[in-house]
Structures are given as structure tokens and as C-alpha cells.
$ cat entry15.pdb   # PDB, C-alpha atoms and all ligand atoms
ATOM      1  CA  MET A  24     131.242  84.104  79.725  1.00  0.00           C
ATOM      2  CA  LYS A  25     131.152  83.432  75.979  1.00  0.00           C
ATOM      3  CA  ILE A  26     128.062  84.116  73.935  1.00  0.00           C
ATOM      4  CA  ASP A  27     127.383  80.428  73.326  1.00  0.00           C
ATOM      5  CA  GLU A  28     127.694  79.750  77.055  1.00  0.00           C
ATOM      6  CA  ILE A  29     124.757  81.998  77.800  1.00  0.00           C
ATOM      7  CA  THR A  30     121.806  79.806  78.484  1.00  0.00           C
ATOM      8  CA  GLU A  31     118.318  80.788  79.467  1.00  0.00           C
ATOM      9  CA  GLU A  32     119.068  79.575  82.970  1.00  0.00           C
ATOM     10  CA  LYS A  33     122.115  81.813  83.242  1.00  0.00           C
ATOM     11  CA  ILE A  34     120.160  84.789  82.022  1.00  0.00           C
ATOM     12  CA  LEU A  35     117.475  84.117  84.618  1.00  0.00           C
ATOM     13  CA  ASN A  36     120.175  83.901  87.284  1.00  0.00           C
ATOM     14  CA  ILE A  37     121.586  87.256  86.216  1.00  0.00           C
ATOM     15  CA  PHE A  38     118.154  88.798  86.511  1.00  0.00           C
ATOM     16  CA  LYS A  39     117.689  87.179  89.904  1.00  0.00           C
ATOM     17  CA  ASP A  40     121.000  88.679  91.082  1.00  0.00           C
ATOM     18  CA  ILE A  41     119.982  92.110  89.882  1.00  0.00           C
ATOM     19  CA  ASP A  42     116.630  91.771  91.591  1.00  0.00           C
ATOM     20  CA  GLU A  43     118.194  90.702  94.871  1.00  0.00           C
ATOM     21  CA  ASN A  44     120.667  93.562  94.770  1.00  0.00           C
ATOM     22  CA  LEU A  45     117.924  96.047  94.042  1.00  0.00           C
ATOM     23  CA  MET A  46     115.866  94.606  96.866  1.00  0.00           C
ATOM     24  CA  LYS A  47     118.813  94.974  99.247  1.00  0.00           C
ATOM     25  CA  ILE A  48     119.386  98.575  98.228  1.00  0.00           C
ATOM     26  CA  ALA A  49     115.708  99.381  98.560  1.00  0.00           C
ATOM     27  CA  GLU A  50     115.562  97.670 101.944  1.00  0.00           C
ATOM     28  CA  GLU A  51     118.628  99.502 103.235  1.00  0.00           C
ATOM     29  CA  LYS A  52     117.243 102.801 102.057  1.00  0.00           C
ATOM     30  CA  PHE A  53     113.912 102.010 103.649  1.00  0.00           C
ATOM     31  CA  ASN A  54     115.457 100.989 106.975  1.00  0.00           C
ATOM     32  CA  LYS A  55     117.643 104.076 107.073  1.00  0.00           C
ATOM     33  CA  SER A  56     114.698 106.370 106.611  1.00  0.00           C
ATOM     34  CA  ASN A  57     112.233 104.391 108.681  1.00  0.00           C
ATOM     35  CA  PHE A  58     111.638 105.489 112.263  1.00  0.00           C
ATOM     36  CA  ASN A  59     109.574 104.450 115.241  1.00  0.00           C
ATOM     37  CA  ALA A  60     107.974 107.146 117.349  1.00  0.00           C
ATOM     38  CA  SER A  61     106.313 106.320 120.660  1.00  0.00           C
ATOM     39  CA  ASN A  62     105.164 109.850 121.470  1.00  0.00           C
ATOM     40  CA  ILE A  63     104.414 113.181 119.815  1.00  0.00           C
ATOM     41  CA  ASN A  64     107.847 114.646 120.638  1.00  0.00           C
ATOM     42  CA  GLU A  65     109.616 111.792 118.867  1.00  0.00           C
ATOM     43  CA  LEU A  66     107.231 112.214 115.966  1.00  0.00           C
ATOM     44  CA  LYS A  67     108.140 115.921 115.755  1.00  0.00           C
ATOM     45  CA  ASN A  68     111.828 114.952 115.772  1.00  0.00           C
ATOM     46  CA  PHE A  69     111.504 112.455 112.938  1.00  0.00           C
ATOM     47  CA  ALA A  70     109.073 114.504 110.841  1.00  0.00           C
ATOM     48  CA  GLY A  71     110.645 115.244 107.475  1.00  0.00           C
ATOM     49  CA  LYS A  72     113.379 112.605 107.857  1.00  0.00           C
ATOM     50  CA  GLY A  73     111.495 109.625 106.509  1.00  0.00           C
ATOM     51  CA  ILE A  74     108.651 107.281 107.166  1.00  0.00           C
ATOM     52  CA  ILE A  75     107.614 107.043 110.793  1.00  0.00           C
ATOM     53  CA  LYS A  76     105.785 104.121 112.338  1.00  0.00           C
ATOM     54  CA  ILE A  77     103.375 105.083 115.096  1.00  0.00           C
ATOM     55  CA  GLY A  78     100.236 103.851 116.782  1.00  0.00           C
ATOM     56  CA  LEU A  79      97.168 105.918 116.080  1.00  0.00           C
ATOM     57  CA  CYS A  80      93.538 105.503 117.070  1.00  0.00           C
ATOM     58  CA  LYS A  81      90.472 106.652 115.177  1.00  0.00           C
ATOM     59  CA  ASN A  82      89.811 109.650 117.418  1.00  0.00           C
ATOM     60  CA  GLU A  83      89.661 112.793 115.271  1.00  0.00           C
ATOM     61  CA  ARG A  84      91.521 114.778 117.909  1.00  0.00           C
ATOM     62  CA  CYS A  85      94.457 112.349 117.788  1.00  0.00           C
ATOM     63  CA  ILE A  86      94.500 112.276 113.994  1.00  0.00           C
ATOM     64  CA  ASN A  87      94.463 116.080 113.869  1.00  0.00           C
ATOM     65  CA  GLU A  88      97.284 116.271 116.410  1.00  0.00           C
ATOM     66  CA  VAL A  89      99.448 113.928 114.327  1.00  0.00           C
ATOM     67  CA  GLU A  90      98.521 115.675 111.094  1.00  0.00           C
ATOM     68  CA  ASN A  91      99.874 118.936 112.481  1.00  0.00           C
ATOM     69  CA  TYR A  92     103.302 117.476 111.743  1.00  0.00           C
ATOM     70  CA  VAL A  93     102.892 114.675 109.201  1.00  0.00           C
ATOM     71  CA  SER A  94     100.430 113.041 106.825  1.00  0.00           C
ATOM     72  CA  VAL A  95      99.056 109.545 107.227  1.00  0.00           C
ATOM     73  CA  LEU A  96     100.561 107.330 104.515  1.00  0.00           C
ATOM     74  CA  GLY A  97      99.124 103.957 105.430  1.00  0.00           C
ATOM     75  CA  ILE A  98      97.398 102.010 108.167  1.00  0.00           C
ATOM     76  CA  GLU A  99      97.976  98.371 109.083  1.00  0.00           C
ATOM     77  CA  GLU A 100      95.505  96.034 110.723  1.00  0.00           C
ATOM     78  CA  GLU A 101      97.911  95.264 113.559  1.00  0.00           C
ATOM     79  CA  ARG A 102      97.032  96.964 116.847  1.00  0.00           C
ATOM     80  CA  LYS A 103      99.304  99.501 118.506  1.00  0.00           C
ATOM     81  CA  GLU A 104      98.751 101.947 121.346  1.00  0.00           C
ATOM     82  CA  CYS A 105      97.868 105.440 120.121  1.00  0.00           C
ATOM     83  CA  ILE A 106     100.828 107.801 120.664  1.00  0.00           C
ATOM     84  CA  VAL A 107      98.489 110.693 121.438  1.00  0.00           C
ATOM     85  CA  CYS A 108      95.904 109.327 123.884  1.00  0.00           C
ATOM     86  CA  GLY A 109      97.296 105.878 124.761  1.00  0.00           C
ATOM     87  CA  ASN A 110      94.103 104.085 123.750  1.00  0.00           C
ATOM     88  CA  GLU A 111      94.085 101.160 121.396  1.00  0.00           C
ATOM     89  CA  GLY A 112      94.964 102.146 117.852  1.00  0.00           C
ATOM     90  CA  LYS A 113      96.523 100.641 114.795  1.00  0.00           C
ATOM     91  CA  ILE A 114     100.041 100.659 113.384  1.00  0.00           C
ATOM     92  CA  THR A 115     100.119 103.737 111.177  1.00  0.00           C
ATOM     93  CA  TYR A 116     102.821 104.939 108.820  1.00  0.00           C
ATOM     94  CA  VAL A 117     103.182 108.667 108.574  1.00  0.00           C
ATOM     95  CA  GLY A 118     105.550 111.094 106.905  1.00  0.00           C
ATOM     96  CA  LYS A 119     105.912 114.551 105.562  1.00  0.00           C
ATOM     97  CA  THR A 120     104.606 114.928 102.044  1.00  0.00           C
ATOM     98  CA  TYR A 121     105.827 117.789  99.952  1.00  0.00           C
TER      99      TYR A 121
HETATM  100 ZN    ZN B 201      94.274 108.387 120.235  1.00  0.00          ZN
END

$ encode --input "entry15.pdb" --output "C-alpha cells" --more "lines below"
Ligand SMILES: [Zn+2]
Amino acid sequence: MKIDEITEEKILNIFKDIDENLMKIAEEKFNKSNFNASNINELKNFAGKGIIKIGLCKNERCINEVENYVSVLGIEEERKECIVCGNEGKITYVGKTY
């Protein structure tokens, strides 16, 4: 590409390409270090390896049990069975924080 062939549109396309590549890399990295745990044993296994998606209810006992191994990073509104007691909980992302 010659200098005078560089148009605003081409520049925007280059940025779009970079963005998409970055997104792909970020997504791959995220998927590789993103786990699903359906019970405490699985949670123990994945702890320290990445972000783990679990179901967790509001019961303090359940939260404490999970926090023995990981910290709560975020909670979604979507419902998911609590991995500790089996009652209704919410999708919760957890992971080890250092
Ligand atoms: Zn629970």
C-alpha cells in the first residue's frame, strides 16, 4: 500500500482487523482459563487455574464453603443450582485472587 492509497476507510479497516484479532486472542485466553464446576470437588480442582463458573446461593454457609478455596469475582442474574446445597442460586464466577 502506497502512502497516497491510504484512505480514512482503509485506516478504519486496519483498526477493525486489529480489534478483531485482539478480541479473538482475548476470547481464546478466556476460554482456555474458564472452567465449569458442578460440585465442590471440581471447584477445588480448578481453583488457581482460572475463572470458574458455578452456581451459588445466598446462604452464608455455602458462600463460606466456596470462599475456602476461591473468591467471588462476579454474580450474574441468571439462575443456577447452588453447588454446595443444591438450592436455587445464581451463576457466579469465582477464582483465586493473589
Ligand atoms: Zn447453597

$ resolve_selection --input "entry15.pdb" --expression "the PyMOL selection byres (((chain A and resi 66-81) around 9) and not hetatm)" --output "PyMOL selection string"
chain A and resi 53+55-65+82-86+89+92-93+96+98+102-120

$ closest_residue --input "entry15.pdb" --among "A:Asp27, A:Glu32, A:Asn87, A:Lys47" --to "ligand ZN 201 (chain B)" --atoms "all atoms listed in the file"
A:Asn87

$ atom_distance --input "entry15.pdb" --atom1 "CA of Ile29 (chain A)" --atom2 "CA of Leu45 (chain A)"
22.5 Å

$ closest_residue --input "entry15.pdb" --among "A:Glu88, A:Glu43, A:Glu31, A:Glu51" --to "ligand ZN 201 (chain B)" --atoms "all atoms listed in the file"
A:Glu88

$ atom_distance --input "entry15.pdb" --atom1 "CA of Asn54 (chain A)" --atom2 "CA of Asn36 (chain A)"
26.5 Å

$ atom_distance --input "entry15.pdb" --atom1 "CA of Glu50 (chain A)" --atom2 "CA of Glu100 (chain A)"
22.0 Å

$ decode --input "entry15.pdb" --residues "chain A" --atoms "C-alpha atoms" --output "short mmCIF file (atom, residue, chain, number, x, y, z; two decimals), in the first residue's frame"
data_model
loop_
_atom_site.label_atom_id
_atom_site.label_comp_id
_atom_site.auth_asym_id
_atom_site.auth_seq_id
_atom_site.Cartn_x
_atom_site.Cartn_y
_atom_site.Cartn_z
CA MET A 24 0.00 0.00 0.00
CA LYS A 25 1.38 3.40 -1.03
CA ILE A 26 1.01 6.42 1.19
CA ASP A 27 -1.44 8.12 -1.16
CA GLU A 28 -3.54 4.95 -1.26
CA ILE A 29 -4.20 5.15 2.45
CA THR A 30 -7.68 6.46 2.90
CA GLU A 31 -9.59 7.01 6.09
CA GLU A 32 -11.66 3.96 5.26
CA LYS A 33 -8.57 1.78 4.93
CA ILE A 34 -7.21 3.03 8.21
CA LEU A 35 -10.51 2.22 9.91
CA ASN A 36 -10.38 -1.26 8.38
CA ILE A 37 -6.88 -1.79 9.74
CA PHE A 38 -8.06 -0.81 13.19
CA LYS A 39 -11.05 -3.11 12.85
CA ASP A 40 -8.73 -6.00 11.94
CA ILE A 41 -6.54 -5.31 14.94
CA ASP A 42 -9.57 -5.13 17.18
CA GLU A 43 -10.96 -8.41 15.89
CA ASN A 44 -7.63 -10.14 16.33
CA LEU A 45 -7.29 -8.83 19.85
CA MET A 46 -10.82 -9.94 20.60
CA LYS A 47 -10.04 -13.43 19.30
CA ILE A 48 -6.89 -13.67 21.40
CA ALA A 49 -8.70 -12.44 24.48
CA GLU A 50 -11.56 -14.86 23.86
CA GLU A 51 -9.23 -17.81 23.38
CA LYS A 52 -7.35 -16.94 26.52
CA PHE A 53 -10.60 -16.56 28.40
CA ASN A 54 -12.00 -19.88 27.16
CA LYS A 55 -8.79 -21.70 27.99
CA SER A 56 -8.82 -20.48 31.55
CA ASN A 57 -12.56 -20.63 32.06
CA PHE A 58 -13.98 -23.67 33.83
CA ASN A 59 -17.34 -25.01 34.91
CA ALA A 60 -17.60 -26.70 38.28
CA SER A 61 -20.75 -28.56 39.30
CA ASN A 62 -19.57 -29.54 42.78
CA ILE A 63 -17.06 -28.56 45.45
CA ASN A 64 -14.51 -31.21 44.38
CA GLU A 65 -14.42 -29.85 40.84
CA LEU A 66 -14.11 -26.36 42.26
CA LYS A 67 -11.10 -27.47 44.34
CA ASN A 68 -9.56 -28.98 41.19
CA PHE A 69 -9.94 -25.82 39.13
CA ALA A 70 -9.02 -23.38 41.90
CA GLY A 71 -5.96 -21.41 40.86
CA LYS A 72 -6.23 -22.39 37.18
CA GLY A 73 -8.57 -19.67 36.03
CA ILE A 74 -12.07 -18.35 36.31
CA ILE A 75 -14.63 -20.91 37.40
CA LYS A 76 -18.34 -20.69 36.71
CA ILE A 77 -20.51 -22.15 39.45
CA GLY A 78 -23.97 -21.84 40.90
CA LEU A 79 -24.11 -20.30 44.33
CA CYS A 80 -27.00 -19.36 46.59
CA LYS A 81 -27.12 -16.59 49.16
CA ASN A 82 -26.71 -18.90 52.15
CA GLU A 83 -23.72 -17.73 54.21
CA ARG A 84 -22.67 -21.31 54.85
CA CYS A 85 -22.43 -22.01 51.11
CA ILE A 86 -20.57 -18.77 50.42
CA ASN A 87 -18.10 -19.54 53.21
CA GLU A 88 -17.58 -23.07 51.89
CA VAL A 89 -16.78 -21.74 48.41
CA GLU A 90 -14.60 -18.96 49.79
CA ASN A 91 -12.41 -21.54 51.50
CA TYR A 92 -10.96 -22.16 48.04
CA VAL A 93 -11.73 -19.15 45.86
CA SER A 94 -13.05 -15.59 45.91
CA VAL A 95 -16.29 -14.47 44.33
CA LEU A 96 -15.47 -12.34 41.27
CA GLY A 97 -18.93 -11.66 39.90
CA ILE A 98 -22.54 -12.74 40.06
CA GLU A 99 -24.99 -12.93 37.15
CA GLU A 100 -28.75 -12.63 37.34
CA GLU A 101 -29.23 -15.99 35.64
CA ARG A 102 -30.29 -18.79 37.99
CA LYS A 103 -28.16 -21.86 38.61
CA GLU A 104 -28.33 -24.60 41.22
CA CYS A 105 -26.00 -23.96 44.16
CA ILE A 106 -23.03 -26.36 44.02
CA VAL A 107 -22.94 -26.61 47.81
CA CYS A 108 -26.54 -27.17 48.91
CA GLY A 109 -28.36 -27.76 45.60
CA ASN A 110 -30.88 -24.99 46.24
CA GLU A 111 -31.60 -22.29 43.74
CA GLY A 112 -28.69 -19.90 43.31
CA LYS A 113 -27.22 -17.67 40.69
CA ILE A 114 -24.44 -18.10 38.15
CA THR A 115 -21.34 -16.98 40.00
CA TYR A 116 -17.81 -16.50 38.71
CA VAL A 117 -15.09 -17.34 41.17
CA GLY A 118 -11.32 -17.58 41.11
CA LYS A 119 -8.23 -17.42 43.19
CA THR A 120 -7.01 -13.89 43.77
CA TYR A 121 -3.43 -13.35 44.72
#
